[in-house]
file data_1.tsv (TSV, C-alpha atoms)
chain	number	residue	atom	x	y	z
A	30	VAL	CA	255.93	225.76	-22.27
A	31	TYR	CA	254.34	228.39	-24.49
A	32	ALA	CA	254.84	226.18	-27.56
A	33	LEU	CA	253.19	223.29	-25.73
A	34	GLY	CA	250.25	225.57	-25.00
A	35	LEU	CA	250.00	226.49	-28.67
A	36	VAL	CA	249.76	222.85	-29.69
A	37	LEU	CA	247.28	222.07	-26.91
A	38	GLY	CA	244.98	224.98	-27.77
A	39	ALA	CA	244.92	224.04	-31.42
A	40	LEU	CA	244.34	220.41	-30.45
A	41	VAL	CA	241.27	221.43	-28.43
A	42	TRP	CA	239.86	223.20	-31.48
A	43	TRP	CA	240.73	220.37	-33.85
A	44	LEU	CA	239.16	217.60	-31.79
A	45	GLY	CA	236.34	219.59	-30.25
A	46	PHE	CA	235.18	221.84	-33.05
A	47	ALA	CA	236.50	220.58	-36.37
A	48	GLY	CA	235.62	216.92	-35.91
A	49	GLY	CA	239.24	215.83	-36.11
A	50	ALA	CA	239.29	215.94	-39.91
A	51	SER	CA	242.82	215.97	-41.28
A	52	GLN	CA	244.13	219.45	-42.04
A	53	ALA	CA	246.80	218.51	-44.55
A	54	THR	CA	248.17	221.31	-46.67
A	55	GLN	CA	248.62	221.38	-50.45
A	56	VAL	CA	251.76	223.48	-50.21
A	57	PRO	CA	254.69	221.27	-51.33
A	58	ALA	CA	257.30	220.24	-48.77
A	59	TRP	CA	260.27	221.97	-50.44
A	60	GLN	CA	258.36	225.25	-50.37
A	61	LEU	CA	257.58	224.76	-46.67
A	62	ILE	CA	261.18	223.98	-45.79
A	63	THR	CA	262.84	226.78	-47.83
A	64	GLY	CA	260.16	229.27	-46.83
A	65	GLY	CA	260.50	228.11	-43.26
A	66	PHE	CA	264.26	228.60	-43.35
A	67	LEU	CA	263.85	232.22	-44.43
A	68	VAL	CA	261.10	232.74	-41.86
A	69	GLY	CA	263.31	231.41	-39.07
A	70	TYR	CA	266.38	233.36	-40.16
A	71	GLY	CA	264.46	236.56	-40.84
A	72	SER	CA	262.37	236.65	-37.71
A	73	ARG	CA	265.38	236.06	-35.49
A	74	LEU	CA	267.41	238.72	-37.29
A	75	ALA	CA	264.53	241.20	-37.11
A	76	ASN	CA	263.67	240.31	-33.48
A	77	GLY	CA	260.08	239.52	-34.31
A	78	CYS	CA	257.56	238.03	-36.70
A	79	THR	CA	253.87	238.47	-37.48
A	80	SER	CA	252.99	238.04	-33.81
A	81	GLY	CA	255.95	239.87	-32.32
A	82	HIS	CA	256.09	242.96	-34.50
A	83	GLY	CA	252.57	242.71	-35.90
A	84	ILE	CA	250.50	242.12	-32.81
A	85	CYS	CA	252.60	243.04	-29.77
A	86	GLY	CA	254.65	245.75	-31.50
A	87	LEU	CA	251.75	247.53	-33.13
A	88	GLY	CA	249.58	247.06	-30.06
A	89	SER	CA	252.11	248.82	-27.88
A	90	LEU	CA	252.59	251.57	-30.50
A	91	GLN	CA	256.19	250.88	-31.45
A	92	TRP	CA	256.95	252.64	-34.71
A	93	PRO	CA	259.92	250.41	-35.63
A	94	SER	CA	257.50	247.49	-35.55
A	95	LEU	CA	255.18	249.24	-37.99
A	96	LEU	CA	258.09	249.64	-40.41
A	97	ALA	CA	258.96	245.97	-39.96
A	98	VAL	CA	255.35	244.91	-40.61
A	99	LEU	CA	255.13	247.04	-43.75
A	100	THR	CA	258.44	245.61	-44.96
A	101	PHE	CA	257.53	241.96	-44.54
A	102	MET	CA	253.98	242.47	-45.84
A	103	ALA	CA	255.42	244.03	-49.00
A	104	THR	CA	257.99	241.28	-49.64
A	105	ALA	CA	255.39	238.62	-48.77
A	106	PHE	CA	252.86	240.00	-51.28
A	107	LEU	CA	255.53	240.08	-53.95
A	108	THR	CA	256.85	236.58	-53.26
A	109	ALA	CA	253.42	234.97	-52.96
A	110	ASN	CA	252.19	236.42	-56.21
A	111	LEU	CA	255.39	235.68	-58.11
A	112	ALA	CA	255.41	232.15	-56.72
A	113	ALA	CA	251.79	231.65	-57.74
A	114	ARG	CA	252.60	232.80	-61.26
A	115	TRP	CA	255.79	230.80	-61.77
A	116	LEU	CA	255.38	227.70	-59.70
A	117	THR	CA	251.86	226.52	-60.38
B	30	MET	CA	254.71	231.81	-7.87
B	31	LYS	CA	256.82	229.79	-10.29
B	32	ALA	CA	254.06	227.27	-10.95
B	33	GLN	CA	251.58	230.09	-11.47
B	34	ARG	CA	253.81	231.59	-14.12
B	35	TYR	CA	254.13	228.32	-15.99
B	36	ALA	CA	250.36	227.90	-15.81
B	37	ALA	CA	249.81	231.42	-17.17
B	38	THR	CA	252.29	230.81	-20.01
B	39	LEU	CA	250.64	227.51	-20.88
B	40	LEU	CA	247.19	229.07	-20.80
B	41	ALA	CA	248.24	232.05	-22.94
B	42	GLY	CA	249.83	229.67	-25.44
B	43	ALA	CA	246.74	227.49	-25.53
B	44	LEU	CA	244.51	230.50	-26.07
B	45	PHE	CA	246.71	231.76	-28.93
B	46	GLY	CA	246.80	228.30	-30.52
B	47	PHE	CA	243.04	227.99	-30.17
B	48	GLY	CA	242.48	231.41	-31.73
B	49	LEU	CA	244.85	230.70	-34.61
B	50	SER	CA	243.00	227.45	-35.34
B	51	VAL	CA	239.49	228.90	-35.09
B	52	SER	CA	240.43	231.73	-37.43
B	53	GLY	CA	242.01	229.31	-39.91
B	54	MET	CA	245.43	230.94	-39.67
B	55	VAL	CA	247.04	227.53	-39.08
B	56	ARG	CA	246.28	226.69	-42.72
B	57	PRO	CA	248.91	227.99	-45.16
B	58	GLU	CA	246.23	228.20	-47.88
B	59	VAL	CA	244.29	230.78	-45.87
B	60	VAL	CA	247.37	232.90	-45.29
B	61	LEU	CA	248.40	232.64	-48.94
B	62	SER	CA	244.95	233.61	-50.19
B	63	PHE	CA	245.33	236.79	-48.14
B	64	LEU	CA	248.65	237.44	-49.86
B	65	TYR	CA	246.91	237.00	-53.25
B	66	PHE	CA	244.40	239.68	-52.15
B	67	GLN	CA	241.59	237.12	-52.22
B	68	ASP	CA	240.66	236.85	-48.56
B	69	PHE	CA	241.05	239.60	-46.02
B	70	GLY	CA	240.36	237.45	-42.98
B	71	LEU	CA	244.00	237.73	-41.85
B	72	MET	CA	243.63	241.49	-41.73
B	73	LEU	CA	240.62	241.16	-39.40
B	74	VAL	CA	242.29	238.60	-37.14
B	75	MET	CA	245.45	240.67	-36.88
B	76	GLY	CA	243.56	243.95	-36.53
B	77	GLY	CA	241.40	242.48	-33.79
B	78	ALA	CA	244.45	241.15	-31.95
B	79	VAL	CA	246.23	244.50	-32.21
B	80	LEU	CA	243.16	246.25	-30.83
B	81	VAL	CA	242.95	243.98	-27.78
B	82	VAL	CA	246.69	244.36	-27.10
B	83	LEU	CA	246.44	248.13	-27.56
B	84	ILE	CA	243.64	248.40	-25.02
B	85	THR	CA	245.40	246.10	-22.55
B	86	TYR	CA	248.79	247.81	-22.87
B	87	THR	CA	247.20	251.24	-22.53
B	88	PHE	CA	244.89	250.65	-19.62
B	89	ALA	CA	246.29	247.78	-17.55
B	90	PRO	CA	249.26	249.80	-16.16
B	91	ARG	CA	246.87	252.63	-15.25
B	92	LEU	CA	244.20	250.52	-13.63
B	93	MET	CA	246.46	248.11	-11.78
B	94	VAL	CA	249.14	248.97	-9.27
B	95	ARG	CA	251.13	245.87	-10.22
B	96	PRO	CA	250.60	242.90	-12.53
B	97	TRP	CA	249.25	239.64	-11.16
B	98	LEU	CA	252.46	237.69	-11.55
B	99	ASP	CA	255.22	240.27	-11.25
B	100	ASP	CA	255.97	243.27	-9.08
B	101	HIS	CA	256.08	245.85	-11.87
B	102	PHE	CA	255.19	246.37	-15.54
B	103	HIS	CA	257.93	246.07	-18.16
B	104	GLN	CA	258.44	247.74	-21.49
B	105	HIS	CA	259.59	245.79	-24.51
B	106	PRO	CA	260.85	248.40	-26.97
B	107	SER	CA	261.61	247.40	-30.54
B	108	VAL	CA	264.44	249.02	-32.49
B	109	TRP	CA	264.83	249.92	-36.13
B	110	ASN	CA	268.16	249.18	-37.74
B	111	ARG	CA	269.60	247.38	-40.74
B	112	ASP	CA	269.11	243.98	-39.13
B	113	THR	CA	265.42	244.63	-38.53
B	114	ALA	CA	264.91	245.81	-42.10
B	115	LEU	CA	266.82	242.92	-43.67
B	116	GLY	CA	265.27	240.38	-41.32
B	117	ALA	CA	261.75	241.62	-41.97
B	118	ALA	CA	262.34	241.53	-45.73
B	119	LEU	CA	263.71	237.96	-45.59
B	120	PHE	CA	260.88	236.91	-43.31
B	121	GLY	CA	258.40	238.28	-45.84
B	122	VAL	CA	259.95	236.31	-48.70
B	123	GLY	CA	259.79	233.11	-46.67
B	124	TRP	CA	256.28	233.81	-45.46
B	125	GLY	CA	255.10	234.50	-48.99
B	126	LEU	CA	256.69	231.28	-50.22
B	127	CYS	CA	255.18	228.91	-47.69
B	128	GLY	CA	252.31	230.76	-45.98
B	129	VAL	CA	253.56	229.71	-42.55
B	130	CYS	CA	254.90	231.87	-39.75
B	131	PRO	CA	256.30	230.59	-36.43
B	132	GLY	CA	253.09	230.70	-34.34
B	133	PRO	CA	250.87	228.74	-36.74
B	134	ALA	CA	253.74	226.36	-37.58
B	135	ILE	CA	253.77	225.15	-33.99
B	136	ALA	CA	250.03	225.46	-33.35
B	137	GLY	CA	249.19	223.73	-36.62
B	138	LEU	CA	250.78	220.52	-35.34
B	139	GLY	CA	247.89	220.35	-32.90
B	140	THR	CA	245.49	220.15	-35.82
B	141	GLY	CA	247.19	217.03	-37.13
B	142	ASN	CA	248.80	218.80	-40.06
B	143	TRP	CA	252.07	216.91	-40.10
B	144	SER	CA	253.40	218.56	-43.24
B	145	LEU	CA	253.90	221.66	-41.08
B	146	LEU	CA	256.81	219.75	-39.55
B	147	TRP	CA	258.71	220.58	-42.75
B	148	ALA	CA	258.14	224.27	-42.16
B	149	LEU	CA	259.10	223.88	-38.51
B	150	ILE	CA	262.34	222.13	-39.49
B	151	GLY	CA	263.03	224.99	-41.90
B	152	ILE	CA	262.30	227.61	-39.24
B	153	SER	CA	264.54	225.89	-36.70
B	154	LEU	CA	267.40	225.58	-39.19
B	155	GLY	CA	266.95	229.21	-40.22
B	156	ALA	CA	266.96	230.47	-36.65
B	157	LEU	CA	269.98	228.27	-35.89
B	158	ALA	CA	271.82	229.59	-38.94
B	159	GLN	CA	271.13	233.15	-37.83
B	160	GLY	CA	272.58	232.30	-34.43
B	161	PHE	CA	275.77	231.06	-36.09
B	162	THR	CA	276.16	234.03	-38.44
B	163	ALA	CA	275.51	236.60	-35.70
B	164	LYS	CA	279.04	237.49	-34.57
call {"tool": "encode", "arguments": {"input": "data_1.tsv", "output": "structure tokens"}}
result
Amino acid sequence: VYALGLVLGALVWWLGFAGGASQATQVPAWQLITGGFLVGYGSRLANGCTSGHGICGLGSLQWPSLLAVLTFMATAFLTANLAARWLT
Amino acid sequence: MKAQRYAATLLAGALFGFGLSVSGMVRPEVVLSFLYFQDFGLMLVMGGAVLVVLITYTFAPRLMVRPWLDDHFHQHPSVWNRDTALGAALFGVGWGLCGVCPGPAIAGLGTGNWSLLWALIGISLGALAQGFTAK
């Protein structure tokens, strides 16, 4: 139900405020699917993602969440910059 | 009561999806440009969200005897162990590679960005694989 809400809310914005222009991404499909795999595996193993640890965890002052956020921010910076250097 | 809860969940999801779209976080390019230190919008969006949650979590239990849809407030503690560390590190690598995290992957479908389906397939497979490897 929450996921349905997510899609609906974004749909309202897309049709109502962005004129329904296509929002296609330039990121290649293999990068989306491998990256996605790691995102899915990692966030389930760590019990949270950007929203879970980042927003709810930090907002309720949970120190383990801060460590988790710092960890994934660090590896994300590294990966994104290395990927930008080697893949494009 | 049950219908009210579903409605609240749907509304909260819609609000989150709307916010993610308005702020551009449903576009992998925007997230990636933050990770290249070119655009600090993500920091503001996340900081703003944390602030609102912080205020709500701090004051709501003091100002209200009980929540609207439940009879008492719950805590959702997070733990720090090897799984959290490893999971967060892996999540970061994946996030840095594709610029998509679970919320925007789902919400982005509402903006007609069908290529996000690839990321969503990846996320589902990854989460499924974790389920199989966990004991």
call {"tool": "residues_around", "arguments": {"input": "data_1.tsv", "residues": "B:Ser107", "least_positions_apart": "2", "cutoff": "8 Å", "atoms": "only C-alpha atoms", "output": "JSON list (two decimals) with C-alpha atoms, keeping the file's coordinate frame"}}
result
[["chain", "number", "residue", "atom", "x", "y", "z"],
["A", 76, "ASN", "CA", 263.67, 240.31, -33.48],
["A", 86, "GLY", "CA", 254.65, 245.75, -31.50],
["A", 91, "GLN", "CA", 256.19, 250.88, -31.45],
["A", 93, "PRO", "CA", 259.92, 250.41, -35.63],
["A", 94, "SER", "CA", 257.50, 247.49, -35.55],
["B", 105, "HIS", "CA", 259.59, 245.79, -24.51],
["B", 109, "TRP", "CA", 264.83, 249.92, -36.13]]
call {"tool": "closest_atom_pairs", "arguments": {"input": "data_1.tsv", "of": "chain B", "to": "chain A", "cutoff": "6 Å", "atoms": "all atoms listed in the file", "output": "Markdown table"}}
result
| residue | atom | partner | partner_atom | distance |
| --- | --- | --- | --- | --- |
| B:Thr38 | CA | A:Tyr31 | CA | 5.5 |
| B:Leu39 | CA | A:Gly34 | CA | 4.6 |
| B:Gly42 | CA | A:Gly34 | CA | 4.1 |
| B:Ala43 | CA | A:Gly38 | CA | 3.8 |
| B:Leu44 | CA | A:Gly38 | CA | 5.8 |
| B:Gly46 | CA | A:Leu35 | CA | 4.1 |
| B:Phe47 | CA | A:Gly38 | CA | 4.3 |
| B:Ser50 | CA | A:Ala39 | CA | 5.5 |
| B:Leu64 | CA | A:Phe106 | CA | 5.1 |
| B:Val79 | CA | A:Gly88 | CA | 4.7 |
| B:Val82 | CA | A:Gly88 | CA | 4.9 |
| B:Leu83 | CA | A:Gly88 | CA | 4.2 |
| B:Val108 | CA | A:Pro93 | CA | 5.7 |
| B:Trp109 | CA | A:Pro93 | CA | 5.0 |
| B:Asp112 | CA | A:Ala75 | CA | 5.7 |
| B:Thr113 | CA | A:Ala75 | CA | 3.8 |
| B:Gly116 | CA | A:Gly71 | CA | 3.9 |
| B:Ala117 | CA | A:Phe101 | CA | 5.0 |
| B:Ala118 | CA | A:Phe101 | CA | 5.0 |
| B:Leu119 | CA | A:Gly71 | CA | 5.0 |
| B:Phe120 | CA | A:Gly71 | CA | 4.4 |
| B:Gly121 | CA | A:Phe101 | CA | 4.0 |
| B:Val122 | CA | A:Ala105 | CA | 5.1 |
| B:Gly123 | CA | A:Gly64 | CA | 3.9 |
| B:Trp124 | CA | A:Ala105 | CA | 5.9 |
| B:Gly125 | CA | A:Ala105 | CA | 4.1 |
| B:Leu126 | CA | A:Gly64 | CA | 5.3 |
| B:Cys127 | CA | A:Leu61 | CA | 4.9 |
| B:Ala136 | CA | A:Val36 | CA | 4.5 |
| B:Gly139 | CA | A:Leu40 | CA | 4.3 |
| B:Thr140 | CA | A:Trp43 | CA | 5.2 |
| B:Asn142 | CA | A:Ala53 | CA | 4.9 |
| B:Trp147 | CA | A:Ile62 | CA | 5.2 |
| B:Ala148 | CA | A:Leu61 | CA | 4.6 |
| B:Gly151 | CA | A:Phe66 | CA | 4.1 |
| B:Ile152 | CA | A:Gly69 | CA | 3.9 |
| B:Gly155 | CA | A:Phe66 | CA | 4.2 |
| B:Ala156 | CA | A:Gly69 | CA | 4.5 |
| B:Gln159 | CA | A:Tyr70 | CA | 5.3 |
call {"tool": "atom_distance", "arguments": {"input": "data_1.tsv", "atom1": "atom CA of B:Val129", "atom2": "atom CA of B:His103"}}
result
29.7 Å
call {"tool": "atom_distance", "arguments": {"input": "data_1.tsv", "atom1": "atom CA of B:Leu149", "atom2": "atom CA of B:Cys130"}}
result
9.1 Å
call {"tool": "atom_distance", "arguments": {"input": "data_1.tsv", "atom1": "atom CA of B:Pro133", "atom2": "atom CA of B:Pro57"}}
result
8.7 Å
call {"tool": "axis_aligned_box", "arguments": {"input": "data_1.tsv", "around": "stretch 102-111 of chain B", "padding_each_side": "3 Å", "output": "lines of an AutoDock Vina configuration file"}}
result
center_x = 262.4
center_y = 247.9
center_z = -28.1
size_x = 20.4
size_y = 10.1
size_z = 31.2
call {"tool": "closest_residue", "arguments": {"input": "data_1.tsv", "among": "B:Pro96, B:Pro90, B:Gly53, B:Pro106", "to": "B:Arg34", "atoms": "all atoms listed in the file"}}
result
B:Pro96
